[in-house]
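Data from target33.cif: mmCIF, C-alpha atoms (C1' of nucleotides)
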```cif
data_model
loop_
_atom_site.label_atom_id
_atom_site.label_comp_id
_atom_site.auth_asym_id
_atom_site.auth_seq_id
_atom_site.Cartn_x
_atom_site.Cartn_y
_atom_site.Cartn_z
CA MET A 1 -8.70 130.98 -16.76
CA PRO A 2 -10.22 134.34 -17.71
CA ASP A 3 -8.53 135.75 -20.85
CA SER A 4 -7.82 139.02 -19.12
CA LEU A 5 -5.61 137.16 -16.71
CA ASN A 6 -3.43 135.57 -19.34
CA ARG A 7 -1.16 138.58 -19.16
CA MET A 8 -0.73 138.22 -15.43
CA VAL A 9 0.43 134.65 -15.33
CA ILE A 10 3.26 133.07 -17.23
CA THR A 11 1.72 130.36 -19.38
CA PRO A 12 1.82 127.52 -20.14
CA GLU A 13 4.25 126.97 -17.26
CA LEU A 14 2.73 128.91 -14.38
CA ASN A 15 5.56 130.38 -12.31
CA TYR A 16 4.99 132.62 -9.33
CA ASP A 17 8.54 132.41 -7.97
CA GLN A 18 9.56 135.97 -8.81
CA LEU A 19 6.47 137.72 -7.53
CA THR A 20 6.61 140.19 -4.67
CA ILE A 21 3.94 140.09 -2.00
CA ALA A 22 2.54 143.36 -3.33
CA GLU A 23 2.16 141.84 -6.80
CA ALA A 24 0.66 138.67 -5.36
CA THR A 25 -1.90 140.75 -3.48
CA LEU A 26 -2.83 142.50 -6.71
CA ILE A 27 -3.35 139.15 -8.44
CA GLN A 28 -5.61 137.98 -5.61
CA GLN A 29 -7.72 141.11 -5.89
CA GLN A 30 -7.91 140.63 -9.64
CA LEU A 31 -8.88 136.96 -9.36
CA HIS A 32 -11.53 137.83 -6.79
CA GLY A 33 -13.49 139.60 -9.48
CA TYR A 34 -14.12 136.28 -11.20
CA LEU A 35 -15.20 134.33 -8.13
CA ASN A 36 -18.55 132.54 -8.39
CA LEU A 37 -20.22 131.26 -5.23
CA GLU A 38 -23.55 130.26 -6.76
CA PRO A 39 -24.96 126.91 -5.58
CA PHE A 40 -23.50 123.89 -7.34
CA GLN A 41 -26.19 122.20 -9.45
CA LYS A 42 -25.04 119.01 -11.16
CA ASP A 43 -24.74 115.59 -9.56
CA ILE A 44 -21.39 114.62 -8.12
CA THR A 45 -19.76 111.38 -9.25
CA THR A 46 -16.17 112.06 -8.29
CA ILE A 47 -14.35 114.32 -5.84
CA ALA A 48 -10.59 114.76 -5.61
CA GLY A 49 -8.28 115.76 -2.81
CA ALA A 50 -5.26 117.97 -3.65
CA ASP A 51 -2.12 118.41 -1.57
CA ILE A 52 1.67 118.66 -1.63
CA SER A 53 4.43 117.18 0.49
CA LEU A 54 7.81 118.79 1.13
CA ALA A 55 11.14 117.73 2.59
CA LEU A 56 12.56 120.09 5.18
CA TYR A 57 15.02 122.63 3.76
CA SER A 58 14.27 121.49 0.21
CA GLU A 59 12.77 123.36 -2.70
CA THR A 60 11.39 120.13 -4.13
CA VAL A 61 7.66 119.69 -3.87
CA TYR A 62 5.68 116.50 -4.38
CA ALA A 63 2.21 117.42 -5.58
CA GLY A 64 -0.77 115.28 -6.27
CA LEU A 65 -4.50 114.78 -6.65
CA VAL A 66 -6.36 111.65 -5.63
CA VAL A 67 -9.73 111.11 -7.31
CA LEU A 68 -12.39 109.34 -5.25
CA SER A 69 -15.73 107.90 -6.30
CA TYR A 70 -18.69 109.70 -4.75
CA PRO A 71 -20.46 109.05 -2.49
CA GLU A 72 -18.46 105.85 -1.88
CA LEU A 73 -15.25 107.80 -1.35
CA GLN A 74 -12.96 105.09 -2.70
CA PRO A 75 -9.73 106.08 -4.55
CA ILE A 76 -10.07 105.40 -8.28
CA ALA A 77 -7.11 107.32 -9.73
CA TYR A 78 -4.29 109.69 -8.79
CA SER A 79 -1.83 112.05 -10.44
CA LEU A 80 1.59 112.79 -8.96
CA VAL A 81 4.13 115.38 -10.07
CA LYS A 82 7.55 116.31 -8.69
CA SER A 83 8.29 120.03 -9.02
CA SER A 84 10.00 122.87 -7.18
CA THR A 85 9.20 126.22 -5.59
CA ILE A 86 11.20 129.01 -4.09
CA PHE A 87 8.20 131.20 -3.27
CA PRO A 88 8.19 131.14 0.56
CA TYR A 89 5.34 130.17 2.79
CA VAL A 90 3.64 133.41 3.75
CA PRO A 91 0.28 133.21 5.56
CA GLY A 92 -2.36 134.40 3.10
CA TYR A 93 -0.27 133.55 0.03
CA LEU A 94 -0.10 129.78 0.13
CA ALA A 95 -1.50 129.54 -3.39
CA PHE A 96 1.59 131.10 -4.93
CA ARG A 97 3.75 128.41 -3.37
CA GLU A 98 1.59 125.36 -4.08
CA ILE A 99 -0.59 125.98 -7.13
CA PRO A 100 2.07 125.73 -9.88
CA ALA A 101 2.86 122.14 -8.88
CA ILE A 102 -0.75 121.12 -8.24
CA LEU A 103 -1.74 122.58 -11.60
CA LYS A 104 0.72 120.26 -13.35
CA ALA A 105 -0.77 117.27 -11.58
CA TYR A 106 -4.26 118.49 -12.49
CA GLU A 107 -3.40 118.87 -16.17
CA GLN A 108 -2.07 115.33 -16.12
CA LEU A 109 -5.53 113.96 -15.26
CA PRO A 110 -7.23 112.62 -18.44
CA VAL A 111 -10.65 113.07 -16.82
CA LYS A 112 -11.26 115.92 -14.38
CA PRO A 113 -13.05 115.34 -11.07
CA ASP A 114 -16.41 117.02 -10.40
CA VAL A 115 -15.06 118.73 -7.28
CA ILE A 116 -11.62 119.30 -5.76
CA MET A 117 -11.01 119.67 -2.04
CA PHE A 118 -7.84 121.52 -1.06
CA ASP A 119 -5.70 121.31 2.04
CA GLY A 120 -6.12 125.00 2.81
CA ASN A 121 -8.90 127.57 2.47
CA GLY A 122 -11.35 128.84 -0.11
CA ILE A 123 -12.92 132.19 0.77
CA LEU A 124 -11.97 131.79 4.45
CA HIS A 125 -9.20 134.27 3.74
CA ALA A 126 -8.55 137.96 4.39
CA ARG A 127 -9.12 138.79 0.70
CA ARG A 128 -11.49 135.84 0.14
CA MET A 129 -8.94 134.26 -2.15
CA GLY A 130 -7.37 131.23 -0.49
CA ILE A 131 -5.72 128.46 -2.49
CA ALA A 132 -8.99 126.67 -3.33
CA SER A 133 -10.60 129.83 -4.71
CA HIS A 134 -7.41 130.81 -6.54
CA PHE A 135 -7.16 127.42 -8.25
CA GLY A 136 -10.87 127.42 -9.05
CA VAL A 137 -10.85 130.78 -10.80
CA LEU A 138 -7.65 129.92 -12.66
CA THR A 139 -9.01 126.63 -14.04
CA GLY A 140 -12.77 126.98 -13.80
CA ALA A 141 -12.92 123.90 -11.58
CA VAL A 142 -15.40 123.45 -8.72
CA THR A 143 -13.34 123.75 -5.54
CA MET A 144 -13.56 123.98 -1.77
CA GLY A 145 -11.15 124.32 1.11
CA CYS A 146 -10.52 122.28 4.24
CA ALA A 147 -7.92 123.73 6.61
CA LYS A 148 -6.67 122.32 9.88
CA LYS A 149 -6.13 125.73 11.48
CA LYS A 150 -7.95 129.04 11.34
CA LEU A 151 -6.46 131.62 9.01
CA ALA A 152 -8.91 134.51 9.36
CA GLY A 153 -12.13 135.52 11.10
CA LYS A 154 -13.72 134.68 14.41
CA TYR A 155 -15.90 131.81 15.56
CA ASP A 156 -17.43 130.22 18.62
CA GLU A 157 -16.23 126.73 19.41
CA PRO A 158 -18.76 124.27 17.94
CA GLY A 159 -20.33 121.51 20.06
CA THR A 160 -18.10 118.52 20.77
CA PHE A 161 -20.18 116.00 18.81
CA LYS A 162 -19.34 114.92 15.27
CA GLY A 163 -21.35 116.95 12.77
CA GLU A 164 -21.68 120.09 14.88
CA TYR A 165 -20.39 123.33 13.43
CA SER A 166 -20.36 127.09 13.83
CA PRO A 167 -19.85 129.91 11.33
CA VAL A 168 -16.55 131.74 10.93
CA THR A 169 -17.22 135.44 10.36
CA ASP A 170 -15.07 138.33 9.27
CA LYS A 171 -16.11 141.96 8.86
CA GLY A 172 -19.74 140.99 9.26
CA GLU A 173 -19.87 138.16 6.76
CA VAL A 174 -19.78 134.40 7.04
CA ILE A 175 -16.68 133.13 5.25
CA GLY A 176 -16.71 129.49 6.30
CA TYR A 177 -17.40 127.05 9.10
CA ALA A 178 -15.53 125.43 11.97
CA VAL A 179 -16.72 121.83 11.62
CA ARG A 180 -16.43 119.04 14.15
CA THR A 181 -15.71 116.14 11.82
CA LYS A 182 -14.91 113.85 14.73
CA GLY A 183 -16.12 113.82 18.30
CA ASN A 184 -13.96 115.56 20.90
CA VAL A 185 -11.33 116.49 18.33
CA LYS A 186 -10.36 119.93 17.08
CA PRO A 187 -12.59 121.20 14.26
CA VAL A 188 -11.51 121.69 10.64
CA PHE A 189 -12.26 124.88 8.72
CA ILE A 190 -14.47 124.52 5.66
CA SER A 191 -15.20 127.10 2.97
CA PRO A 192 -16.21 127.19 -0.69
CA GLY A 193 -13.49 127.79 -3.21
CA HIS A 194 -15.25 128.43 -6.51
CA GLN A 195 -18.45 127.41 -8.31
CA MET A 196 -20.26 126.37 -5.12
CA SER A 197 -21.98 128.03 -2.18
CA LEU A 198 -21.09 128.27 1.48
CA GLU A 199 -23.85 125.74 2.20
CA ASP A 200 -22.58 123.41 -0.52
CA SER A 201 -19.11 123.30 1.00
CA LEU A 202 -20.47 122.54 4.45
CA ALA A 203 -22.77 119.77 3.21
CA LEU A 204 -20.04 118.22 1.07
CA ALA A 205 -17.49 118.28 3.86
CA LEU A 206 -19.87 116.38 6.12
CA LYS A 207 -20.69 113.91 3.33
CA CYS A 208 -16.96 113.27 2.87
CA THR A 209 -16.26 112.71 6.53
CA GLY A 210 -15.59 109.16 7.65
CA LYS A 211 -14.01 108.01 10.87
CA HIS A 212 -11.16 110.49 10.78
CA ARG A 213 -10.80 114.17 11.49
CA LEU A 214 -9.84 115.01 7.92
CA PRO A 215 -12.44 114.47 5.18
CA GLU A 216 -11.51 111.51 2.94
CA PRO A 217 -10.39 113.51 -0.14
CA THR A 218 -7.89 115.57 1.83
CA ARG A 219 -6.85 112.59 3.92
CA TYR A 220 -6.06 110.45 0.89
CA ALA A 221 -4.30 113.27 -0.94
CA HIS A 222 -2.08 113.84 2.07
CA GLU A 223 -1.30 110.12 2.33
CA TYR A 224 -0.52 109.70 -1.37
CA VAL A 225 1.82 112.67 -1.75
CA ASN A 226 3.70 111.55 1.34
CA ARG A 227 4.09 108.04 -0.05
CA PHE A 228 5.25 109.65 -3.29
CA ARG A 229 7.88 111.69 -1.45
CA ILE A 230 9.35 108.66 0.30
CA GLY A 231 9.48 106.72 -2.96
CA ALA A 232 6.61 104.32 -2.35
CA LEU A 233 4.64 105.74 -5.29
CA THR A 234 5.86 106.93 -8.69
CA GLU A 235 5.32 110.14 -10.62
CA GLY A 236 2.60 110.17 -13.25
CA TYR A 237 -1.06 109.32 -13.71
CA HIS A 238 -2.26 106.05 -12.26
CA LYS A 239 -5.56 104.24 -12.11
CA VAL A 240 -6.22 102.42 -8.87
CA ASP A 241 -6.78 98.68 -9.08
CA SER A 242 -9.39 98.15 -6.37
CA TRP A 243 -8.46 94.50 -6.01
CA THR A 244 -4.81 95.00 -5.27
CA LEU A 245 -5.28 97.82 -2.78
CA PHE A 246 -4.81 96.70 0.81
"C1'" DG B 1 1.71 149.73 17.71
"C1'" DC B 2 -0.14 144.84 18.84
"C1'" DG B 3 -1.89 140.38 17.88
"C1'" DA B 4 -2.87 136.75 14.27
"C1'" DC B 5 -0.90 134.03 11.09
"C1'" DA B 6 -3.70 127.93 5.84
"C1'" DG B 7 0.88 124.85 4.59
"C1'" DA C 1 4.78 121.87 6.15
"C1'" DT C 2 8.79 118.75 8.24
"C1'" DC C 3 11.81 116.58 12.07
"C1'" DT C 4 10.92 112.92 16.06
"C1'" DT C 5 9.35 108.98 20.65
"C1'" DG C 6 6.69 107.86 23.56
"C1'" DT C 7 2.21 108.08 25.41
"C1'" DC C 8 -2.71 108.69 26.37
"C1'" DG C 9 -7.42 107.43 24.92
"C1'" DC C 10 -11.29 105.32 22.28
#
```

Translate the structure of the given file into C-alpha cells.
Amino acid sequence: MPDSLNRMVITPELNYDQLTIAEATLIQQQLHGYLNLEPFQKDITTIAGADISLALYSETVYAGLVVLSYPELQPIAYSLVKSSTIFPYVPGYLAFREIPAILKAYEQLPVKPDVIMFDGNGILHARRMGIASHFGVLTGAVTMGCAKKKLAGKYDEPGTFKGEYSPVTDKGEVIGYAVRTKGNVKPVFISPGHQMSLEDSLALALKCTGKHRLPEPTRYAHEYVNRFRIGALTEGYHKVDSWTLF
DNA sequence: GCGACAG
DNA sequence: ATCTTGTCGC
C-alpha cells in the first residue's frame, strides 16, 4: 500500500473495528487519490474470486479466495481463513467489514492471481471506493467488482439477452455497467476496482460468465467459503487436485 | 426532509 | 449476508 497510508492503517494486522463512519469516509477519500483506472496491459493467466461467509448473529467470518485458470476458469487453488469482525454492515462501507479477513487469505497465497473479482463494487460507489477498489489500492492488486444489487447511480434496464448491458451513471460519469450475464435473469453490476479500465472490467466479466448469473470467480468463491463455514473445507492454503474434484 | 441503500 | 420450503421454469 502507499507509504503515506501506513499511518492510517494498523499493520501488519489490519483492524478497522474501532473506526467511526466519519473516519472511514476520510480513509476512502484518501485511498481514492491512489486509484488507477488505466487499461490493464499484461496477459491474464489466473483470476481469483474473493468472498466471505457469515453465520447469523455471529462475529465470525469465513473468508477466502479461489484462484481459477484463465480463460478455462477451472479452480486451481484456494485460501481460506477464519477471522472475526465487529464493524457493522453499513452500505458504502462494506470494505471495512470484509477486507481485514480477505487480506489474511490473500497474504496466505504463495502465488498471487493476475486479477481478483470481488463480491461487491469497485468504483460503482458514491465515493468511487467500493471494496474492490479499496483492496486494490491497499495491496496494488488488479481488482474488479461484481455486485448482485445496485449500490449507487442510475441505469436503464439492459436487454433481456445474455451479454447485453447498459451503463450505470452517477453525477454525469459512467461508474460501471448493469450486465445481463444470463438470459431473462436480473443483471449483475460490474465495475473496475484498481489497475484496469471500465472497459476492461466489462470485457472480463463477460469472459468469466458461464451458464450461471454470477461470473465463475465470484460463484466459486461464494461456494468455497460457504463449504468452509459448514466444515466441509478446512482453513489454510490448498491446491486443487483436478482429478479428485467431482 | 425524502428516498436509496454492495454484503 | 443468513434463516428456510416449496415451487415455477428452462

Pairwise distance for CA of Lys207 in chain A and CA of Glu72 in chain A, rounded to one decimal in Å: 9.9 Å

With 9 Å as the cut-off and all atoms listed in the file counted, what is the closest atom pair between each nearby residue of chain B and chain A? Distances in Å to one decimal, ordered by chain and number, as JSON lines.
```
{"residue": "B:DA4", "atom": "C1'", "partner": "A:Ala152", "partner_atom": "CA", "distance": 8.1}
{"residue": "B:DC5", "atom": "C1'", "partner": "A:Pro91", "partner_atom": "CA", "distance": 5.7}
{"residue": "B:DA6", "atom": "C1'", "partner": "A:Gly120", "partner_atom": "CA", "distance": 4.9}
{"residue": "B:DG7", "atom": "C1'", "partner": "A:Leu94", "partner_atom": "CA", "distance": 6.7}
```

Residue among A:Pro88, A:Pro167, A:Gly49, A:Gly236 lying closest to chain C, counting only C-alpha atoms (C1' of nucleotides): A:Pro88

Ground truth for the PyMOL selection byres ((chain C and resi 9) around 12), written as a ChimeraX atom specification: /A:184-185 /C:7-8,10

Picked residues, the PyMOL selection byres ((chain C) within 10 of (chain A)), as JSON, numbers by chain: {"C": [1, 2, 3]}

Point-to-point distance in Å for CA of Thr209 in chain A and CA of Tyr165 in chain A: 13.3 Å

Residues selected by the PyMOL selection byres ((chain A and resi 22-32) around 8), written as a PyMOL selection string: chain A and resi 8+19-21+33-35+93+96+127-129+134+137-138

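The space between CA of Gly64 in chain A and CA of Ala126 in chain A spans 26.2 Å.
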
Closest pair table for range 98-180 of chain A residues within 12 Å of range 222-227 of chain A, only C-alpha atoms, as CSV:
```
residue,atom,partner,partner_atom,distance
A:Ala101,CA,A:Val225,CA,11.9
A:Ile102,CA,A:Val225,CA,11.0
A:Ala105,CA,A:Val225,CA,11.2
A:Met117,CA,A:His222,CA,11.4
A:Phe118,CA,A:His222,CA,10.1
A:Asp119,CA,A:His222,CA,8.3
A:Gly120,CA,A:His222,CA,11.9
```

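Residues in contact with Pro75 in chain A at 9 Å, where all atoms listed in the file are counted and same-chain residues fewer than 2 positions away are skipped, are listed as Ala48, Val66, Val67, Leu68, Ser69, Leu73, Ala77, Tyr78, Pro217, Tyr220, Lys239, Val240 and Ser242 of chain A.
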
For N, CA, C and O atoms, please extract range 82-115 of chain A from the block and return it as an mmCIF file, in the first residue's frame.
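Output below, filename part_33.cif:
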```cif
data_model
loop_
_atom_site.group_PDB
_atom_site.id
_atom_site.type_symbol
_atom_site.label_atom_id
_atom_site.label_comp_id
_atom_site.auth_asym_id
_atom_site.auth_seq_id
_atom_site.Cartn_x
_atom_site.Cartn_y
_atom_site.Cartn_z
ATOM 1 N N LYS A 82 -10.311 -18.131 8.841
ATOM 2 C CA LYS A 82 -11.408 -17.860 9.768
ATOM 3 C C LYS A 82 -10.964 -16.650 10.579
ATOM 4 O O LYS A 82 -9.864 -16.630 11.124
ATOM 5 N N SER A 83 -11.821 -15.639 10.663
ATOM 6 C CA SER A 83 -11.464 -14.412 11.380
ATOM 7 C C SER A 83 -12.704 -13.867 12.081
ATOM 8 O O SER A 83 -13.703 -14.580 12.229
ATOM 9 N N SER A 84 -12.660 -12.604 12.483
ATOM 10 C CA SER A 84 -13.830 -12.007 13.115
ATOM 11 C C SER A 84 -13.902 -10.510 12.830
ATOM 12 O O SER A 84 -12.895 -9.887 12.518
ATOM 13 N N THR A 85 -15.093 -9.964 12.918
ATOM 14 C CA THR A 85 -15.309 -8.537 12.679
ATOM 15 C C THR A 85 -16.430 -8.044 13.567
ATOM 16 O O THR A 85 -17.375 -8.776 13.843
ATOM 17 N N ILE A 86 -16.325 -6.829 13.988
ATOM 18 C CA ILE A 86 -17.422 -6.252 14.762
ATOM 19 C C ILE A 86 -17.891 -4.998 14.037
ATOM 20 O O ILE A 86 -18.916 -4.433 14.362
ATOM 21 N N PHE A 87 -17.099 -4.601 13.014
ATOM 22 C CA PHE A 87 -17.509 -3.436 12.223
ATOM 23 C C PHE A 87 -18.817 -3.859 11.558
ATOM 24 O O PHE A 87 -18.891 -4.886 10.894
ATOM 25 N N PRO A 88 -19.883 -3.080 11.726
ATOM 26 C CA PRO A 88 -21.196 -3.435 11.162
ATOM 27 C C PRO A 88 -21.286 -3.268 9.666
ATOM 28 O O PRO A 88 -20.439 -2.616 9.045
ATOM 29 N N TYR A 89 -22.311 -3.861 9.103
ATOM 30 C CA TYR A 89 -22.529 -3.694 7.669
ATOM 31 C C TYR A 89 -23.229 -2.358 7.520
ATOM 32 O O TYR A 89 -24.324 -2.145 8.034
ATOM 33 N N VAL A 90 -22.583 -1.449 6.818
ATOM 34 C CA VAL A 90 -23.158 -0.144 6.539
ATOM 35 C C VAL A 90 -22.991 0.053 5.033
ATOM 36 O O VAL A 90 -21.870 -0.024 4.526
ATOM 37 N N PRO A 91 -24.100 0.271 4.306
ATOM 38 C CA PRO A 91 -23.991 0.458 2.858
ATOM 39 C C PRO A 91 -22.953 1.534 2.537
ATOM 40 O O PRO A 91 -22.990 2.634 3.085
ATOM 41 N N GLY A 92 -22.005 1.200 1.670
ATOM 42 C CA GLY A 92 -20.975 2.173 1.316
ATOM 43 C C GLY A 92 -19.680 1.944 2.075
ATOM 44 O O GLY A 92 -18.647 2.544 1.761
ATOM 45 N N TYR A 93 -19.719 1.078 3.080
ATOM 46 C CA TYR A 93 -18.533 0.832 3.919
ATOM 47 C C TYR A 93 -18.261 -0.661 4.091
ATOM 48 O O TYR A 93 -17.649 -1.083 5.089
ATOM 49 N N LEU A 94 -18.685 -1.434 3.147
ATOM 50 C CA LEU A 94 -18.503 -2.884 3.210
ATOM 51 C C LEU A 94 -17.039 -3.286 3.367
ATOM 52 O O LEU A 94 -16.715 -4.254 4.059
ATOM 53 N N ALA A 95 -16.157 -2.538 2.751
ATOM 54 C CA ALA A 95 -14.726 -2.852 2.802
ATOM 55 C C ALA A 95 -14.178 -2.938 4.224
ATOM 56 O O ALA A 95 -13.358 -3.803 4.528
ATOM 57 N N PHE A 96 -14.651 -2.063 5.088
ATOM 58 C CA PHE A 96 -14.141 -2.048 6.459
ATOM 59 C C PHE A 96 -14.564 -3.283 7.258
ATOM 60 O O PHE A 96 -13.970 -3.599 8.274
ATOM 61 N N ARG A 97 -15.588 -3.935 6.794
ATOM 62 C CA ARG A 97 -16.090 -5.142 7.466
ATOM 63 C C ARG A 97 -15.433 -6.400 6.900
ATOM 64 O O ARG A 97 -15.094 -7.310 7.648
ATOM 65 N N GLU A 98 -15.221 -6.429 5.590
ATOM 66 C CA GLU A 98 -14.685 -7.630 4.953
ATOM 67 C C GLU A 98 -13.203 -7.697 4.598
ATOM 68 O O GLU A 98 -12.623 -8.785 4.568
ATOM 69 N N ILE A 99 -12.596 -6.560 4.304
ATOM 70 C CA ILE A 99 -11.194 -6.576 3.875
ATOM 71 C C ILE A 99 -10.170 -7.167 4.851
ATOM 72 O O ILE A 99 -9.274 -7.905 4.435
ATOM 73 N N PRO A 100 -10.260 -6.883 6.144
ATOM 74 C CA PRO A 100 -9.254 -7.460 7.056
ATOM 75 C C PRO A 100 -9.136 -8.977 6.918
ATOM 76 O O PRO A 100 -8.030 -9.513 6.853
ATOM 77 N N ALA A 101 -10.268 -9.655 6.844
ATOM 78 C CA ALA A 101 -10.255 -11.121 6.723
ATOM 79 C C ALA A 101 -9.778 -11.569 5.347
ATOM 80 O O ALA A 101 -8.967 -12.502 5.231
ATOM 81 N N ILE A 102 -10.254 -10.893 4.309
ATOM 82 C CA ILE A 102 -9.854 -11.283 2.948
ATOM 83 C C ILE A 102 -8.360 -11.032 2.741
ATOM 84 O O ILE A 102 -7.684 -11.786 2.036
ATOM 85 N N LEU A 103 -7.856 -9.985 3.387
ATOM 86 C CA LEU A 103 -6.429 -9.686 3.254
ATOM 87 C C LEU A 103 -5.582 -10.825 3.822
ATOM 88 O O LEU A 103 -4.538 -11.181 3.261
ATOM 89 N N LYS A 104 -6.027 -11.416 4.917
ATOM 90 C CA LYS A 104 -5.284 -12.532 5.517
ATOM 91 C C LYS A 104 -5.253 -13.707 4.545
ATOM 92 O O LYS A 104 -4.232 -14.374 4.380
ATOM 93 N N ALA A 105 -6.383 -13.961 3.928
ATOM 94 C CA ALA A 105 -6.452 -15.079 2.977
ATOM 95 C C ALA A 105 -5.563 -14.779 1.769
ATOM 96 O O ALA A 105 -4.895 -15.671 1.231
ATOM 97 N N TYR A 106 -5.522 -13.523 1.378
ATOM 98 C CA TYR A 106 -4.705 -13.114 0.225
ATOM 99 C C TYR A 106 -3.217 -13.288 0.539
ATOM 100 O O TYR A 106 -2.455 -13.799 -0.282
ATOM 101 N N GLU A 107 -2.813 -12.892 1.716
ATOM 102 C CA GLU A 107 -1.403 -12.993 2.109
ATOM 103 C C GLU A 107 -0.971 -14.450 2.232
ATOM 104 O O GLU A 107 0.203 -14.767 2.146
ATOM 105 N N GLN A 108 -1.939 -15.325 2.414
ATOM 106 C CA GLN A 108 -1.638 -16.741 2.555
ATOM 107 C C GLN A 108 -1.386 -17.418 1.194
ATOM 108 O O GLN A 108 -0.912 -18.548 1.147
ATOM 109 N N LEU A 109 -1.712 -16.718 0.122
ATOM 110 C CA LEU A 109 -1.481 -17.280 -1.219
ATOM 111 C C LEU A 109 0.000 -17.159 -1.582
ATOM 112 O O LEU A 109 0.548 -16.056 -1.605
ATOM 113 N N PRO A 110 0.679 -18.286 -1.882
ATOM 114 C CA PRO A 110 2.098 -18.243 -2.251
ATOM 115 C C PRO A 110 2.325 -17.562 -3.592
ATOM 116 O O PRO A 110 3.377 -16.956 -3.825
ATOM 117 N N VAL A 111 1.346 -17.640 -4.475
ATOM 118 C CA VAL A 111 1.436 -17.006 -5.795
ATOM 119 C C VAL A 111 0.156 -16.190 -5.963
ATOM 120 O O VAL A 111 -0.949 -16.723 -5.800
ATOM 121 N N LYS A 112 0.296 -14.908 -6.256
ATOM 122 C CA LYS A 112 -0.887 -14.054 -6.389
ATOM 123 C C LYS A 112 -1.542 -14.167 -7.771
ATOM 124 O O LYS A 112 -0.849 -14.301 -8.784
ATOM 125 N N PRO A 113 -2.864 -14.084 -7.800
ATOM 126 C CA PRO A 113 -3.574 -14.163 -9.088
ATOM 127 C C PRO A 113 -3.374 -12.874 -9.890
ATOM 128 O O PRO A 113 -3.025 -11.834 -9.329
ATOM 129 N N ASP A 114 -3.574 -12.937 -11.199
ATOM 130 C CA ASP A 114 -3.393 -11.752 -12.047
ATOM 131 C C ASP A 114 -4.491 -10.725 -11.792
ATOM 132 O O ASP A 114 -4.260 -9.516 -11.899
ATOM 133 N N VAL A 115 -5.685 -11.224 -11.490
ATOM 134 C CA VAL A 115 -6.840 -10.349 -11.253
ATOM 135 C C VAL A 115 -7.683 -10.938 -10.127
ATOM 136 O O VAL A 115 -7.703 -12.163 -9.925
#
```
